[in-house]
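Participant: I'm passing along start_21.csv; it holds CSV, C-alpha atoms and all ligand atoms.
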chain,number,residue,atom,x,y,z
O,56,MET,CA,59.4,72.0,-141.6
O,57,THR,CA,57.6,68.9,-140.2
O,58,GLU,CA,55.1,69.2,-137.4
O,59,PHE,CA,56.4,66.4,-135.3
O,60,SER,CA,59.7,64.7,-134.8
O,61,GLY,CA,60.5,61.7,-136.9
O,62,ARG,CA,61.2,59.8,-133.7
O,63,VAL,CA,57.8,60.3,-132.2
O,64,GLU,CA,56.1,59.5,-135.5
O,65,GLU,CA,57.9,56.2,-135.4
O,66,ILE,CA,56.2,55.0,-132.2
O,67,SER,CA,52.6,54.4,-131.4
O,68,ILE,CA,50.4,53.9,-128.3
O,69,SER,CA,50.8,50.4,-127.0
O,70,GLY,CA,48.6,47.7,-128.5
O,71,ILE,CA,47.6,46.7,-125.0
O,72,ARG,CA,45.5,49.8,-124.4
O,73,GLU,CA,43.7,49.2,-127.6
O,74,VAL,CA,42.5,45.8,-126.4
O,75,PHE,CA,41.2,47.3,-123.1
O,76,GLU,CA,39.3,50.0,-125.0
O,77,ALA,CA,37.7,47.5,-127.4
O,78,ALA,CA,36.5,45.2,-124.5
O,79,GLY,CA,33.1,45.8,-122.9
O,80,ALA,CA,32.9,47.5,-119.4
O,81,ASP,CA,31.8,44.2,-117.7
O,82,ALA,CA,34.6,42.1,-119.3
O,83,ILE,CA,37.0,40.1,-117.1
O,84,ASN,CA,40.2,41.9,-117.5
O,85,LEU,CA,43.2,39.6,-117.7
O,86,GLY,CA,45.1,42.1,-119.8
O,87,LEU,CA,46.4,44.1,-116.9
O,88,GLY,CA,50.1,44.5,-116.0
O,89,GLN,CA,49.7,45.3,-112.4
O,90,PRO,CA,49.1,43.4,-109.1
O,91,ASP,CA,45.5,43.5,-107.8
O,92,PHE,CA,46.6,43.9,-104.1
O,93,PRO,CA,46.6,47.1,-102.1
O,94,THR,CA,49.9,48.9,-101.4
O,95,PRO,CA,51.1,47.8,-97.9
O,96,GLU,CA,49.7,50.0,-95.1
O,97,HIS,CA,53.1,51.0,-93.7
O,98,ALA,CA,54.1,52.4,-97.1
O,99,LYS,CA,51.0,54.4,-97.4
O,100,ARG,CA,51.4,55.6,-93.8
O,101,ALA,CA,54.9,56.8,-94.4
O,102,ALA,CA,53.7,58.9,-97.4
O,103,ILE,CA,50.8,60.4,-95.4
O,104,ASP,CA,53.2,61.3,-92.5
O,105,ALA,CA,55.6,62.9,-94.9
O,106,ILE,CA,52.8,64.9,-96.5
O,107,GLU,CA,51.4,66.0,-93.1
O,108,SER,CA,54.7,67.0,-91.7
O,109,GLY,CA,55.7,68.8,-94.8
O,110,ALA,CA,58.8,66.6,-95.2
O,111,SER,CA,57.8,65.9,-98.8
O,112,ASP,CA,56.9,69.4,-99.9
O,113,ALA,CA,60.1,70.2,-101.7
O,114,TYR,CA,62.3,68.8,-104.4
O,115,THR,CA,64.6,66.1,-103.0
O,116,SER,CA,68.2,65.6,-104.2
O,117,ASN,CA,68.1,64.7,-107.9
O,118,LYS,CA,69.1,61.1,-107.1
O,119,GLY,CA,66.4,60.8,-104.4
O,120,THR,CA,66.6,61.1,-100.7
O,121,LEU,CA,69.7,59.5,-99.1
O,122,ALA,CA,67.4,57.5,-96.8
O,123,LEU,CA,65.6,56.0,-99.8
O,124,ARG,CA,68.9,55.2,-101.5
O,125,GLU,CA,70.3,53.6,-98.4
O,126,ALA,CA,67.1,51.4,-98.2
O,127,ILE,CA,67.6,50.4,-101.9
O,128,SER,CA,71.3,49.7,-101.3
O,129,ALA,CA,70.4,47.5,-98.2
O,130,LYS,CA,67.8,45.7,-100.4
O,131,HIS,CA,70.4,44.8,-103.0
O,132,ASP,CA,72.7,43.4,-100.3
O,133,ARG,CA,69.8,41.5,-98.7
O,134,ASP,CA,68.1,40.1,-101.8
O,135,ASN,CA,70.5,40.2,-104.8
O,136,GLY,CA,74.0,39.4,-103.6
O,137,PHE,CA,75.6,42.6,-104.9
O,138,SER,CA,76.4,45.8,-103.2
O,139,VAL,CA,75.7,49.2,-104.6
O,140,ASP,CA,76.8,52.5,-103.0
O,141,PRO,CA,73.8,54.8,-102.3
O,142,GLU,CA,75.6,57.4,-104.5
O,143,HIS,CA,75.4,55.0,-107.4
O,144,LEU,CA,71.6,54.9,-107.4
O,145,ILE,CA,69.0,57.2,-108.9
O,146,ALA,CA,65.3,57.0,-107.8
O,147,THR,CA,63.1,57.4,-110.9
O,148,ALA,CA,59.5,57.8,-111.8
O,149,GLY,CA,59.0,54.0,-112.0
O,150,GLY,CA,60.9,51.4,-113.9
O,151,SER,CA,59.7,53.2,-117.0
O,152,GLU,CA,61.7,56.3,-116.4
O,153,ALA,CA,64.7,54.2,-115.3
O,154,LEU,CA,64.6,52.4,-118.7
O,155,HIS,CA,64.3,55.8,-120.5
O,156,VAL,CA,67.3,57.4,-118.8
O,157,ALA,CA,69.4,54.3,-119.2
O,158,LEU,CA,68.8,54.2,-123.0
O,159,GLU,CA,69.1,58.0,-123.5
O,160,ALA,CA,72.4,57.9,-121.7
O,161,HIS,CA,73.9,55.0,-123.6
O,162,VAL,CA,72.5,54.9,-127.2
O,163,ASP,CA,73.6,57.2,-130.0
O,164,PRO,CA,71.5,57.7,-133.1
O,165,GLY,CA,72.1,54.7,-135.4
O,166,GLN,CA,73.3,52.4,-132.6
O,167,GLU,CA,71.5,49.2,-132.0
O,168,VAL,CA,69.6,47.8,-129.0
O,169,VAL,CA,69.1,44.1,-128.7
O,170,TYR,CA,66.1,42.9,-126.7
O,171,PRO,CA,63.8,39.9,-126.3
O,172,ASP,CA,60.8,39.4,-128.7
O,173,PRO,CA,58.2,38.9,-127.4
O,174,GLY,CA,59.2,41.5,-124.9
O,175,PHE,CA,58.0,44.4,-122.8
O,176,VAL,CA,56.7,47.1,-125.2
O,177,SER,CA,58.9,49.9,-123.9
O,178,TYR,CA,62.2,48.4,-125.1
O,179,GLU,CA,61.4,49.1,-128.8
O,180,ALA,CA,59.7,52.5,-128.2
O,181,LEU,CA,62.4,53.9,-125.9
O,182,THR,CA,65.1,52.7,-128.4
O,183,LEU,CA,63.4,54.6,-131.2
O,184,LEU,CA,63.0,57.7,-129.0
O,185,ALA,CA,66.7,57.6,-128.3
O,186,GLY,CA,67.3,57.5,-132.0
O,187,GLY,CA,68.5,53.9,-131.9
O,188,THR,CA,67.8,50.9,-134.0
O,189,PRO,CA,65.7,48.1,-132.5
O,190,ARG,CA,67.2,44.6,-132.9
O,191,PRO,CA,64.6,42.1,-131.4
O,192,VAL,CA,65.7,38.5,-130.9
O,193,GLY,CA,63.4,35.6,-130.8
O,194,LEU,CA,63.3,33.3,-127.8
O,195,ARG,CA,63.9,29.6,-127.0
O,196,ASP,CA,61.0,27.2,-127.0
O,197,ASP,CA,60.6,27.7,-123.2
O,198,LEU,CA,60.4,31.5,-123.9
O,199,THR,CA,63.7,32.3,-122.2
O,200,MET,CA,66.3,34.4,-124.1
O,201,ASP,CA,69.3,32.5,-125.4
O,202,PRO,CA,72.6,34.2,-124.6
O,203,ALA,CA,74.0,32.7,-127.8
O,204,ALA,CA,71.2,34.4,-129.8
O,205,VAL,CA,72.1,37.7,-128.1
O,206,GLU,CA,75.8,37.3,-128.8
O,207,ALA,CA,75.0,36.5,-132.5
O,208,ALA,CA,72.9,39.7,-132.8
O,209,ILE,CA,75.7,41.9,-131.4
O,210,THR,CA,77.5,44.0,-134.0
O,211,ASP,CA,80.0,46.8,-133.9
O,212,ASP,CA,77.0,49.1,-133.7
O,213,THR,CA,75.4,47.5,-130.7
O,214,ALA,CA,75.2,49.8,-127.6
O,215,VAL,CA,72.9,47.9,-125.3
O,216,PHE,CA,71.2,44.5,-124.9
O,217,VAL,CA,68.2,44.2,-122.6
O,218,VAL,CA,67.6,41.2,-120.3
O,219,ASN,CA,64.2,40.9,-118.5
O,220,SER,CA,63.8,38.2,-116.0
O,221,PRO,CA,61.2,37.3,-114.8
O,222,SER,CA,59.7,38.4,-118.1
O,223,ASN,CA,56.8,40.4,-119.1
O,224,PRO,CA,55.0,39.0,-121.2
O,225,THR,CA,56.2,35.4,-120.9
O,226,GLY,CA,56.8,34.9,-117.2
O,227,ALA,CA,60.0,33.1,-118.1
O,228,VAL,CA,62.9,33.2,-115.6
O,229,GLN,CA,66.5,33.1,-116.9
O,230,SER,CA,68.8,30.5,-115.3
O,231,GLU,CA,71.9,31.5,-113.3
O,232,ALA,CA,74.0,30.0,-116.1
O,233,ASP,CA,72.3,32.3,-118.6
O,234,MET,CA,72.8,35.4,-116.4
O,235,ARG,CA,76.5,34.5,-116.1
O,236,GLU,CA,76.6,34.4,-119.9
O,237,PHE,CA,74.9,37.7,-120.2
O,238,ALA,CA,77.5,39.2,-117.9
O,239,ARG,CA,80.3,37.6,-119.9
O,240,ILE,CA,78.8,39.0,-123.1
O,241,ALA,CA,78.7,42.5,-121.7
O,242,ASP,CA,82.3,42.2,-120.6
O,243,ASP,CA,83.7,40.5,-123.7
O,244,HIS,CA,81.9,42.7,-126.3
O,245,ASP,CA,82.0,45.9,-124.3
O,246,VAL,CA,78.3,46.4,-124.6
O,247,LEU,CA,75.9,47.5,-121.9
O,248,CYS,CA,73.6,44.8,-120.3
O,249,LEU,CA,70.5,46.6,-119.2
O,250,THR,CA,68.8,44.2,-116.9
O,251,ASP,CA,65.1,44.9,-116.1
O,252,GLU,CA,64.4,43.2,-112.8
O,253,VAL,CA,61.1,44.7,-111.8
O,254,TYR,CA,59.5,41.3,-111.3
O,255,GLU,CA,62.5,39.9,-109.4
O,256,ARG,CA,60.6,39.1,-106.2
O,257,LEU,CA,57.9,37.2,-108.0
O,258,VAL,CA,59.6,33.9,-108.7
O,259,PHE,CA,57.9,30.5,-108.2
O,260,ASP,CA,60.4,28.0,-109.4
O,261,GLY,CA,64.2,28.6,-109.1
O,262,GLU,CA,65.7,31.9,-108.1
O,263,HIS,CA,66.4,35.3,-109.5
O,264,HIS,CA,70.0,36.0,-110.4
O,265,SER,CA,71.2,39.4,-111.5
O,266,PRO,CA,73.9,39.7,-114.1
O,267,MET,CA,75.2,42.6,-111.9
O,268,ARG,CA,76.6,39.9,-109.6
O,269,TYR,CA,78.8,38.3,-112.3
O,270,ALA,CA,80.1,41.1,-114.5
O,271,GLU,CA,83.8,42.0,-114.2
O,272,THR,CA,83.4,45.3,-115.9
O,273,ASP,CA,80.8,48.1,-115.1
O,274,ASN,CA,78.8,47.1,-118.2
O,275,VAL,CA,75.6,46.4,-116.3
O,276,VAL,CA,72.8,48.7,-115.4
O,277,VAL,CA,70.1,47.4,-113.2
O,278,VAL,CA,66.5,48.7,-113.5
O,279,ASN,CA,64.1,47.9,-110.6
O,280,ALA,CA,61.0,49.4,-109.1
O,281,CYS,CA,58.5,49.1,-106.2
O,282,SER,CA,55.7,48.8,-108.7
O,283,LYS,CA,55.2,45.1,-108.9
O,284,THR,CA,57.0,43.9,-105.7
O,285,TYR,CA,54.9,46.1,-103.4
O,286,SER,CA,51.8,46.7,-105.6
O,287,MET,CA,52.8,50.3,-106.0
O,288,THR,CA,52.3,50.9,-109.7
O,289,GLY,CA,50.4,54.1,-109.1
O,290,TRP,CA,53.2,55.6,-107.0
O,291,ARG,CA,55.7,55.7,-109.8
O,292,LEU,CA,58.9,54.8,-108.0
O,293,GLY,CA,61.7,52.9,-109.5
O,294,TRP,CA,65.5,53.2,-109.8
O,295,VAL,CA,68.7,52.5,-111.7
O,296,ALA,CA,71.8,51.0,-110.1
O,297,ALA,CA,75.1,51.3,-111.9
O,298,SER,CA,78.7,52.5,-111.7
O,299,GLU,CA,79.6,56.1,-110.8
O,300,ARG,CA,80.3,57.2,-114.4
O,301,ARG,CA,77.1,55.6,-115.7
O,302,VAL,CA,75.0,57.1,-112.9
O,303,GLU,CA,76.5,60.5,-113.6
O,304,ARG,CA,75.5,60.3,-117.3
O,305,MET,CA,72.0,59.0,-116.5
O,306,LEU,CA,71.5,61.8,-113.9
O,307,ARG,CA,72.0,64.4,-116.6
O,308,VAL,CA,69.0,63.0,-118.3
O,309,HIS,CA,66.9,62.4,-115.2
O,310,GLN,CA,67.7,65.9,-113.9
O,311,TYR,CA,66.1,67.5,-117.0
O,312,VAL,CA,63.2,65.2,-117.6
O,313,GLN,CA,62.2,64.6,-114.0
O,314,ALA,CA,64.3,66.7,-111.5
O,315,CYS,CA,63.5,64.1,-108.8
O,316,ALA,CA,61.1,61.3,-108.2
O,317,SER,CA,57.9,62.3,-106.5
O,318,ALA,CA,58.8,63.0,-102.8
O,319,PRO,CA,55.8,61.4,-101.1
O,320,ALA,CA,56.4,58.3,-103.2
O,321,GLN,CA,60.0,58.2,-102.1
O,322,PHE,CA,58.9,58.1,-98.5
O,323,ALA,CA,56.5,55.3,-99.2
O,324,ALA,CA,59.2,53.4,-101.1
O,325,GLU,CA,61.7,53.7,-98.3
O,326,ALA,CA,59.1,52.3,-95.9
O,327,ALA,CA,58.2,49.4,-98.3
O,328,LEU,CA,61.8,48.5,-98.9
O,329,SER,CA,63.0,48.6,-95.3
O,330,GLY,CA,59.8,47.5,-93.6
O,331,PRO,CA,58.4,44.0,-93.1
O,332,GLN,CA,58.8,41.8,-96.2
O,333,ASP,CA,56.1,39.3,-95.4
O,334,VAL,CA,53.7,41.2,-97.7
O,335,VAL,CA,55.9,40.3,-100.6
O,336,GLU,CA,55.8,36.6,-99.8
O,337,GLU,CA,52.0,36.8,-99.4
O,338,MET,CA,51.6,38.2,-102.9
O,339,ARG,CA,54.1,35.8,-104.3
O,340,SER,CA,52.4,32.8,-103.0
O,341,ALA,CA,48.9,34.1,-104.1
O,342,PHE,CA,50.3,34.5,-107.6
O,343,GLU,CA,51.8,31.0,-107.5
O,344,GLU,CA,48.4,29.5,-106.6
O,345,ARG,CA,46.7,31.4,-109.4
O,346,ARG,CA,49.4,30.4,-111.9
O,347,ASP,CA,48.7,26.8,-111.1
O,348,VAL,CA,44.9,27.2,-111.5
O,349,LEU,CA,45.4,28.9,-114.8
O,350,LEU,CA,48.0,26.4,-116.1
O,351,ASP,CA,45.7,23.5,-115.2
O,352,GLY,CA,42.9,25.2,-117.1
O,353,LEU,CA,45.0,25.9,-120.2
O,354,ASP,CA,46.4,22.4,-120.1
O,355,ASP,CA,42.8,20.9,-119.9
O,356,MET,CA,42.0,22.9,-123.1
O,357,GLY,CA,44.9,21.3,-124.8
O,358,LEU,CA,46.9,24.6,-125.1
O,359,ASP,CA,50.6,24.3,-124.9
O,360,THR,CA,51.9,26.8,-122.3
O,361,PRO,CA,55.6,27.1,-121.5
O,362,THR,CA,55.5,27.1,-117.6
O,363,PRO,CA,55.8,30.6,-116.4
O,364,GLN,CA,58.2,30.6,-113.4
O,365,GLY,CA,57.7,34.2,-112.3
O,366,ALA,CA,55.9,37.5,-112.7
O,367,PHE,CA,52.1,37.1,-113.2
O,368,TYR,CA,51.7,36.3,-116.9
O,369,ALA,CA,51.3,33.1,-118.9
O,370,MET,CA,51.8,32.9,-122.6
O,371,PRO,CA,50.1,29.9,-124.2
O,372,ARG,CA,50.5,29.0,-127.9
O,373,VAL,CA,47.0,29.5,-129.3
O,374,PRO,CA,45.1,28.6,-132.5
O,375,GLU,CA,44.3,31.2,-135.1
O,376,GLY,CA,41.4,33.5,-134.0
O,377,TRP,CA,41.7,32.4,-130.3
O,378,THR,CA,42.4,35.8,-128.8
O,379,GLN,CA,39.5,37.5,-130.5
O,380,ALA,CA,37.2,34.6,-129.6
O,381,VAL,CA,38.2,34.9,-126.0
O,382,ILE,CA,37.6,38.7,-126.0
O,383,ASP,CA,34.2,38.0,-127.6
O,384,GLU,CA,33.5,35.7,-124.6
O,385,GLY,CA,34.1,38.7,-122.3
O,386,VAL,CA,37.6,38.0,-121.2
O,387,VAL,CA,40.4,40.4,-122.1
O,388,VAL,CA,43.7,38.9,-123.0
O,389,VAL,CA,46.4,40.5,-125.1
O,390,PRO,CA,47.5,39.2,-128.5
O,391,GLY,CA,51.1,38.1,-128.5
O,392,GLU,CA,51.9,40.4,-131.5
O,393,ALA,CA,51.5,43.3,-129.1
O,394,PHE,CA,54.9,42.3,-127.7
O,395,GLY,CA,56.7,41.8,-131.0
O,396,GLU,CA,56.7,39.9,-134.3
O,397,HIS,CA,57.7,36.6,-132.6
O,398,GLY,CA,54.7,36.9,-130.3
O,399,ALA,CA,52.4,35.9,-133.1
O,400,GLY,CA,50.6,32.7,-132.3
O,401,TYR,CA,50.7,33.4,-128.6
O,402,ALA,CA,48.4,35.3,-126.2
O,403,ARG,CA,49.4,37.0,-122.9
O,404,ILE,CA,47.2,36.2,-120.0
O,405,SER,CA,47.7,38.1,-116.8
O,406,TYR,CA,46.7,36.3,-113.6
O,407,ALA,CA,46.6,39.4,-111.5
O,408,ALA,CA,43.0,38.5,-110.6
O,409,GLY,CA,41.5,36.3,-107.8
O,410,VAL,CA,41.1,32.6,-108.2
O,411,GLU,CA,37.3,32.7,-108.6
O,412,THR,CA,37.6,35.3,-111.4
O,413,LEU,CA,40.3,33.2,-113.0
O,414,LYS,CA,38.0,30.1,-112.9
O,415,GLU,CA,35.2,32.1,-114.6
O,416,ALA,CA,37.7,33.4,-117.2
O,417,ILE,CA,38.9,29.9,-117.9
O,418,GLU,CA,35.4,28.8,-118.7
O,419,GLY,CA,35.2,31.6,-121.3
O,420,MET,CA,38.5,30.6,-122.7
O,421,ARG,CA,37.3,27.0,-122.9
O,422,ARG,CA,34.3,28.0,-124.9
O,423,ALA,CA,36.5,30.1,-127.2
O,424,THR,CA,38.9,27.3,-127.7
O,425,ASP,CA,36.1,24.9,-128.7
O,426,ALA,CA,34.7,27.5,-131.1
O,427,VAL,CA,38.0,28.1,-133.0
O,428,ARG,CA,39.1,24.4,-133.2
J,1,LIG,C1,59.2,44.3,-117.7
J,1,LIG,C2,58.7,45.6,-117.2
J,1,LIG,N1,59.6,46.6,-117.0
J,1,LIG,C3,59.3,47.8,-116.6
J,1,LIG,C4,58.0,48.1,-116.3
J,1,LIG,C5,57.7,49.5,-115.9
J,1,LIG,O1,57.2,49.5,-114.6
J,1,LIG,P1,56.8,50.9,-113.8
J,1,LIG,O2,55.4,50.8,-113.5
J,1,LIG,O3,57.7,50.8,-112.5
J,1,LIG,O4,57.2,52.0,-114.6
J,1,LIG,C6,57.0,47.2,-116.5
J,1,LIG,C7,55.6,47.5,-116.3
J,1,LIG,O5,54.7,46.8,-116.8
J,1,LIG,C8,57.4,45.9,-117.0
J,1,LIG,O6,56.5,45.0,-117.2
Will you turn the file into structure tokens for me?

Facilitator:
Amino acid sequence: MTEFSGRVEEISISGIREVFEAAGADAINLGLGQPDFPTPEHAKRAAIDAIESGASDAYTSNKGTLALREAISAKHDRDNGFSVDPEHLIATAGGSEALHVALEAHVDPGQEVVYPDPGFVSYEALTLLAGGTPRPVGLRDDLTMDPAAVEAAITDDTAVFVVNSPSNPTGAVQSEADMREFARIADDHDVLCLTDEVYERLVFDGEHHSPMRYAETDNVVVVNACSKTYSMTGWRLGWVAASERRVERMLRVHQYVQACASAPAQFAAEAALSGPQDVVEEMRSAFEERRDVLLDGLDDMGLDTPTPQGAFYAMPRVPEGWTQAVIDEGVVVVPGEAFGEHGAGYARISYAAGVETLKEAIEGMRRATDAVR
């Protein structure tokens, strides 16, 4: 008898945490994957009111409160050009749980999951936990994922392919044409397109398009969350949107691993989604300004950085030894390898930090660049 499951022995704690722990306490941390803004007041107030009135004392429906699901449904109508019945939504403990229930419900042991490399660390780990086989695909030069590469990676064993736009770690935004292709691939090959849209409101150039709009079958599951859009990473509130039969299967998993999303967080999320949206635009434009400061700095150093069009990450191509040299200068960035084999030769820089901090960090990066050249 073994002590631990083979599945859990196959995964390890994300490389990102290791970088934080190695950096000194006074380092400038550009390794973070969360906005540095406060949660909007009206969202906090809604949770406080729910706690004080006792409205959030008990379990909610497994799918989440109807009022929250109506707010999510209205949000998809307003922002994303597709309609989803409130019954076809499950509120989850962040986008993380949403990805987990989607993969658990759709992947059998031995089946394959195709996802971008470099890509968000959970895709590989959650595939392994579901007993699936990871099939990372490399990216185009501009760090978007090529639908043709996804189609070429699909075999009879493929259950799911993951699309993530805007992307963590690259900041790349897929074009509408690409998203239409992903929808077609899901339809034609009868595989599930799992589209991770948690950065969807943080786009600087172009627009976000969801494959959900274009698919003719129900082979698309949307994952989204309040985490990045409303600076609510600590609240743990996300969701899945899908067809009735898919929601029914994902609910079986969600019911046993989570029962329901945290009730106070559901009240906060409902207020965030249905309240004033100017806070989102304020954060988006602050990130855009920071992106431009960072890109100018990287460009000055002679580093080649595919222009990130969304999220709050940049991924320059860096010389050998650069990431360590930057960390030695007291600036935490994450080595590209933390996001997959094809991330080698890149570093992820998060610009969820104020402009003055970024400028200071750029000076550290400049010294590091000079040192390794
Ligand atoms: C691409 C992507 N998807 C999902 C998540 C999970 O977000 P949450 O905090 O809502 O679980 C993250 C968090 O960093 C992410 O970057």

Participant: Mind listing the residues within 9 Å of ligand LIG 1 (chain J), all atoms listed in the file counted, as a count of residues only?

Facilitator: 41

Participant: Between CA of Ala180 in chain O and CA of Glu392 in chain O, what is the distance, to one decimal in Å?

Facilitator: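 According to the coordinates, CA of Ala180 in chain O and CA of Glu392 in chain O are separated by 14.8 Å.
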
Participant: Using all atoms listed in the file, list the residues that have an atom at most 6 Å from (58.8, 32.5, -112.9), coordinates as in the file, as a list in words.

Facilitator: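 Selection result: Pro221, Gly226, Ala227, Val228, Val258, Phe259, Asp260, Pro363, Gln364, Gly365 and Ala366 of chain O.
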
Participant: Interatomic distance between CA of Asn117 in chain O and CA of Arg304 in chain O?

Facilitator: 12.7 Å

Participant: Could you please determine the separation between CA of Gln229 in chain O and CA of Pro331 in chain O in Å, to one decimal place?

Facilitator: 27.4 Å

Participant: Return the single residue from O:Thr362, O:Glu125, O:Ala416, O:Pro266 that is closest to Ser329 in chain O, with distances computed using all atoms listed in the file.

Facilitator: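 Distance minimum relative to Ser329 in chain O lands on O:Glu125.
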
Participant: I'd like the contact shell of Arg422 in chain O - 12 Å cut-off, all atoms listed in the file, skipping same-chain residues fewer than 5 positions apart - returned as a list in words.

Facilitator: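 The contact residues come out as Gly352, Leu353, Met356, Trp377, Thr378, Ala380, Val381, Ile382, Asp383, Glu384, Gly385, Val386, Glu415, Ala416, Ile417, Val427 and Arg428 of chain O.
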
Participant: May I ask which of the residues O:Glu336, O:Glu65, O:Asp91, O:Asp351 is the closest one to Glu179 in chain O, counting only C-alpha atoms?

Facilitator: O:Glu65

Participant: Using only C-alpha atoms, which residues sit within 10 Å of Asp211 in chain O once same-chain residues fewer than 6 positions away are excluded, as a count of residues only?

Facilitator: 5

Participant: Which is closest to Val389 in chain O among O:Asp212, O:Asp140, O:Glu206, O:Glu76, if we use only C-alpha atoms?

Facilitator: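 Comparing O:Asp212, O:Asp140, O:Glu206, O:Glu76 against Val389 in chain O, the winner is O:Glu76.
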
Participant: Which is closer to Gly79 in chain O than all the others in O:Arg124, O:Val387, O:Glu396, O:Asp425, using all atoms listed in the file?

Facilitator: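 Checking each of O:Arg124, O:Val387, O:Glu396, O:Asp425 against Gly79 in chain O, counting all atoms listed in the file, the winner is O:Val387.
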
Participant: Pick the closest to Arg339 in chain O from O:Tyr406, O:Phe394, O:Phe137, O:Tyr311: which is it, counting all atoms listed in the file?

Facilitator: O:Tyr406

Participant: For Gly395 in chain O, please output as a PyMOL selection string all residues within 10 Å (counting all atoms listed in the file; exclusion window: fewer than 2 positions along the same chain).

Facilitator: chain O and resi 171-176+179+191-193+390-393+397-399

Participant: Using all atoms listed in the file for the distances, tell me which of O:Leu349, O:Ala423, O:Leu328, O:Ala238 is nearest to Pro374 in chain O.

Facilitator: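 Once distances to Pro374 in chain O are computed over all atoms listed in the file, the minimum belongs to O:Ala423.
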
Participant: Box along x, y and z, 3 Å on every side, all listed atoms of range 328-332 of chain O inside: centre and edge lengths in Å to one decimal, as AutoDock Vina command-line options.

Facilitator:
--center_x 60.7 --center_y 45.2 --center_z -96.0 --size_x 10.6 --size_y 12.8 --size_z 11.8

Participant: So which residues touch Ala203 in chain O within 10 Å, counting all atoms listed in the file, skipping near sequence neighbours fewer than 6 positions away, as a PyMOL selection string?

Facilitator: chain O and resi 233+236-237+240

Participant: Please provide the set of residues having any atom within 7 Å of Ala105 in chain O, restricted to only C-alpha atoms, with same-chain residues fewer than 6 positions apart removed, written as a VMD selection string.

Facilitator: chain O and resid 111 319 322
